[in-house]
Amino acid sequence: MWEYSDTVKEHFFNPKNAGALVGANAVGEVGALSCGDALKLMLHIDPVTEIVLEAKFQTFGCGSAIASSSALTELVIGKTLEQASAITNRDIADYLGGLPPEKKHCAVMGHEALQAAIANFRGEVWRSSHEESALVCKCHGVDAAVIERAIRDNGLSTVEQVAVFTKAGSGCTTCYEQVEDILFRVASDIAATAALAARSSESAGSDEAAAVQHAPAAPRPGSVNLFRSATRPVSAAAPRPAAPVKPGAETSPLTPTSPLSESSGGMTNLKKIRLIEETIEDLRVYLRKDGGDCELIDVDGSNVLVSLTGACVGCQMASVTVSGIQERLIAKLGVPMRVIPVGRNAH
Amino acid sequence: MKAIYLDNNATTRVDPSVVDAMLPFFTEHFGNASSAHSFGAEVGTAVKAARQQLQQLLGATHDHEIIYTSGGTESDNAAILSALEALPDRNEIVISKVEHPAILSLCEHLEKTGRAKVHLIGVDKVGQLDIDAYRAALSDKVAVVSLMWANNETGTIFPVEGLAELAKEHGALFHTDAVQAVGKTPISLKDSAIDMLSLSGHKLHGPKGIGALYVKKGARFKPLIRGGHQERARRGGTENVPAIIGLGKAAELAHAHMAEEQGRVRELRDRLEKAVLQRVPNCIVNGDRHDRLPNTANLAFEYVESEAILLHLNRSGVAASSGSACTSGSMEPSHVLKAMEIPEAALHGAVRFSFSRDNVAEDVDRVIEALPGIVEKLREMSPFWADAEKKTNDTKPVFA
């Protein structure tokens, strides 16, 4: 049942440096109660030498989450900030003599907390570079966003191709069906986008639509941003993320009605913004039910900038919410739109 | 230190007398029950006797209403797929959100592949079915209703007999996954409206790899596994004779121990629950405390994660579970507790203790001794505990 190394067990049963650190001058917090794990890393850094003098942690989570936190503190103590910055999630896992595949995210969480703490010390806002979407391949730690991007960028059509490009599905193969689902979803999405582009370019002829029309299988690299999570606070009180709103879920308002059914060709900017506002307003009701919220920040051509607040902040499923909002907007407006989550202070 | 087993909803120890009953059927009475010669005949007789033992536990009218399968999952699959095939002008299925994955993932697959429309009925905070939503989902389009008798994670018992009556009004077949209920709570199918019932041998001190599907005489049935004429051509494949004999013996023992299950086992569970609630603040009992299996305690501890508790318990020699053994991975909380809308702070901290007649009073003492310290230690380490509102649990209303 539990395939933990002796080192993991030792750090779990007898964690080093557990508890609050009074006088910490660098604090990094990641995860949340509803995610099932959360880590608060507290460091005392010498402001002159930039050496980590003390490190303590408080962790809510499974055995390997606690062990990873303990290992992390042991790794950073005595290091300079520069040395500490170079510590990777792999280093944490190696220190523990390895982690089971489904527990790799615990080391990732440790690494993120460290990055957040360092950013906090330097007075910077830390942004996760980890793509916070659902983990599909647990053996190789590949999430849905990475798989989707590989499919789009390389025009993949089979599970075997996905395995070659991302390693996903080449381990225990239990995620085979999930990879198939993503392939199907992306293929339908590409087909729908191409059809939309063809329609809107007839009437509006926007550059965006034309670009999509000419290269339906390979959207611009910028589209990757869709799957980035919202920015996360560095040292604010632990955020409470919302439950994910899955597109296609039973009662989800984010499920697109047929994108082709409500096409609305050349509309004025004013009308477009009003429609976007209305759509987002409708969705807020549901997000608020989960303790989250979404605010329209700006509309720039086909880019819709939103700010996810409340429980949405830091939620691992934020990218799913973002793509859900996007699908809804496309369905309502009938033209390709891109929803980009931005920090509240971005504008 | 002898390890204590409190995970009997996952599986049970095979009763030694069950093993004794099975053994001769490997090397001595090894015949094929379908053979006409003497080797087959003696086995055929023994299988019939075992079927009658199970019939008695279920309170069924006929022994041939029992079809042997490879286990609960096969029985569940057979029941649902049979109903869709037997009632071809109906393509809807009604199930609850808290069903076992054997039902949930099958129905999800049927919906995804366009073979059925599935109504997922929610539950309330104690895990009881939303009856209004259930009534609303029923129609003459529904081929089958499948609702579990007792929940594997919380022990909450659905009033399946009444639910079956409602399904009957719409001409739908009614199946119940009774894998956790059989042997723990009295069952009498004789006068019920239940058409089909699934059970599993290893949940009642029988062997693994054997289960049964009860199909009421007259209920329409289409086989899942076709082959020979075994089980009256309703399930092909040579009978798993030793396991069938074992399940028969296990059923006889369960019948004989029913009063103990409802009495002594329930007292063990109640004592554990009460003691933990008194000693550990911010603890929630999940499930319907007024209508629940006598052996199951699902306790959720706020601001700690269940796997961490289980690792410590395991080191203290106590084996418990975080819910369903079929659900793994710490990121996904139990679908049952999510459906019950358990408070966020407790959702990831649920631990299930499930007893059986093998347990004794000292087992409870060991848990009471170990658990409060474990939870306290983990809470001290949790970033949320310091600022949390400390709540003393009120044990009076339920245990008065």
# chains A, B, ... in the order shown; residues from 1 in each chain; ligands from 1
>>> residues_around(residues="A:Cys294", least_positions_apart="2", cutoff="8 Å", atoms="only C-alpha atoms", output="MDAnalysis selection string")
chainID A and resid 280 284 287 292 296 306:309
>>> residues_around(residues="A:Leu53", least_positions_apart="5", cutoff="8 Å", atoms="only C-alpha atoms", output="MDAnalysis selection string")
chainID A and resid 43:46 77:78
>>> write_last_selection(atoms="N, CA and C atoms", output="tab-separated table (two decimals), in the first residue's frame")
chain	number	residue	atom	x	y	z
A	43	LEU	N	11.55	31.02	6.66
A	43	LEU	CA	13.01	31.06	6.69
A	43	LEU	C	13.49	32.30	7.44
A	44	HIS	N	14.60	32.14	8.10
A	44	HIS	CA	15.29	33.30	8.68
A	44	HIS	C	16.59	33.44	7.91
A	45	ILE	N	16.66	34.50	7.11
A	45	ILE	CA	17.80	34.69	6.22
A	45	ILE	C	18.63	35.87	6.72
A	46	ASP	N	19.93	35.67	6.79
A	46	ASP	CA	20.82	36.78	7.16
A	46	ASP	C	20.80	37.82	6.04
A	77	ILE	N	18.91	24.88	5.01
A	77	ILE	CA	19.63	25.46	6.14
A	77	ILE	C	21.14	25.50	5.83
A	78	GLY	N	21.74	26.68	6.01
A	78	GLY	CA	23.18	26.83	5.79
A	78	GLY	C	23.54	27.22	4.38
>>> interface_residues(of="chain B", to="chain A", cutoff="6 Å", atoms="only C-alpha atoms", output="PyMOL selection string")
chain B and resi 304-305+307-308+331+344+348+381-383
>>> write_last_selection(atoms="C-alpha atoms", output="JSON list (two decimals), in the first residue's frame")
[["chain", "number", "residue", "atom", "x", "y", "z"],
["B", 304, "VAL", "CA", -5.27, 16.97, 9.24],
["B", 305, "GLU", "CA", -4.94, 14.65, 6.28],
["B", 307, "GLU", "CA", -3.09, 9.31, 5.11],
["B", 308, "ALA", "CA", -0.86, 10.88, 7.73],
["B", 331, "MET", "CA", -5.36, 14.69, -3.99],
["B", 344, "GLU", "CA", -13.85, 21.56, 3.71],
["B", 348, "HIS", "CA", -9.38, 15.23, 3.65],
["B", 381, "MET", "CA", 2.23, 20.61, 12.47],
["B", 382, "SER", "CA", -0.71, 21.88, 10.39],
["B", 383, "PRO", "CA", -0.58, 25.51, 9.21]]
>>> atom_distance(atom1="atom CA of B:Thr296", atom2="atom CA of B:Ser354")
4.5 Å
>>> residues_around(residues="stretch 101-115 of chain B", least_positions_apart="5", cutoff="12 Å", atoms="only C-alpha atoms", output="VMD selection string")
(chain A and resid 177 181 248 to 250) or (chain B and resid 71 to 81 84 to 85 88 90 to 96 120 to 121 143 to 148 151 to 152 175 to 179 198 324 to 327 334 to 336)
>>> select_by_dssp(residues="stretch 136-253 of chain B", states="helix (DSSP H, G or I)", output="PyMOL selection string")
chain B and resi 136-137+160-169+201-204+230-233+241-253
>>> select_by_dssp(residues="stretch 73-117 of chain B", states="strand (DSSP E)", output="PyMOL selection string")
chain B and resi 92-96+117
>>> residues_around(residues="stretch 364-366 of chain B", least_positions_apart="2", cutoff="9 Å", atoms="only C-alpha atoms", output="tab-separated table (two decimals) with C-alpha atoms, in the first residue's frame")
chain	number	residue	atom	x	y	z
B	4	ILE	CA	-5.33	-4.91	14.95
B	268	LEU	CA	-17.53	-1.93	20.04
B	269	ARG	CA	-18.12	0.60	17.28
B	271	ARG	CA	-17.65	2.80	22.30
B	272	LEU	CA	-14.84	3.74	19.91
B	316	SER	CA	0.80	1.75	16.39
B	317	GLY	CA	-0.45	-1.57	15.04
B	318	VAL	CA	-3.90	-0.41	13.93
B	359	ASN	CA	-12.74	-7.82	16.87
B	360	VAL	CA	-12.57	-7.66	20.65
B	361	ALA	CA	-12.79	-4.95	23.32
B	362	GLU	CA	-8.99	-4.60	23.55
B	368	ILE	CA	-8.48	5.07	21.93
B	369	GLU	CA	-4.97	5.04	23.36
B	370	ALA	CA	-3.18	5.89	20.12
B	371	LEU	CA	-5.49	8.11	18.09
>>> atom_distance(atom1="atom CA of A:Val142", atom2="atom CA of A:Gly169")
9.0 Å
>>> atom_distance(atom1="atom CA of B:Leu6", atom2="atom CA of B:Ser321")
8.1 Å
>>> closest_residue(among="B:Ala136, B:Asp89, B:Gln55, B:Glu231", to="B:Ala33", atoms="only C-alpha atoms")
B:Glu231
>>> closest_atom_pairs(of="stretch 191-308 of chain B", to="stretch 36-42 of chain B", cutoff="12 Å", atoms="only C-alpha atoms", output="CSV")
residue,atom,partner,partner_atom,distance
B:Thr238,CA,B:Gly40,CA,11.7
B:Glu239,CA,B:Gly40,CA,11.4
B:Val241,CA,B:Gly40,CA,10.9
>>> residues_around(residues="A:Ile276", least_positions_apart="3", cutoff="8 Å", atoms="only C-alpha atoms", output="PyMOL selection string")
chain A and resi 272-273+279-280+329+333
>>> write_last_selection(atoms="N, CA and C atoms", output="compact mmCIF listing (two decimals), in the first residue's frame")
# COMPACT_ATOMS: atom_id res chain seq x y z
N LYS A 272 -19.84 43.86 -27.94
CA LYS A 272 -19.02 42.71 -27.57
C LYS A 272 -18.69 42.75 -26.07
N ILE A 273 -18.27 43.93 -25.63
CA ILE A 273 -17.88 44.05 -24.22
C ILE A 273 -19.08 43.82 -23.32
N THR A 279 -21.88 37.63 -19.73
CA THR A 279 -21.51 36.22 -19.60
C THR A 279 -20.75 35.98 -18.31
N ILE A 280 -19.78 36.84 -18.05
CA ILE A 280 -18.98 36.66 -16.83
C ILE A 280 -19.84 36.87 -15.60
N LEU A 329 -17.67 31.94 -23.30
CA LEU A 329 -17.61 33.19 -24.06
C LEU A 329 -17.70 32.92 -25.56
N LEU A 333 -20.55 34.52 -27.81
CA LEU A 333 -20.22 35.54 -28.80
C LEU A 333 -20.06 34.98 -30.20
>>> residues_around(residues="A:Ala26", least_positions_apart="6", cutoff="7 Å", atoms="only C-alpha atoms", output="ChimeraX atom specification")
/A:42-44,117-118,120-121
>>> residues_around(residues="stretch 252-267 of chain B", least_positions_apart="6", cutoff="12 Å", atoms="only C-alpha atoms", output="count of residues only")
56
>>> closest_residue(among="A:Lys167, A:Lys56, A:Arg152, A:Arg90", to="A:Val136", atoms="only C-alpha atoms")
A:Lys167
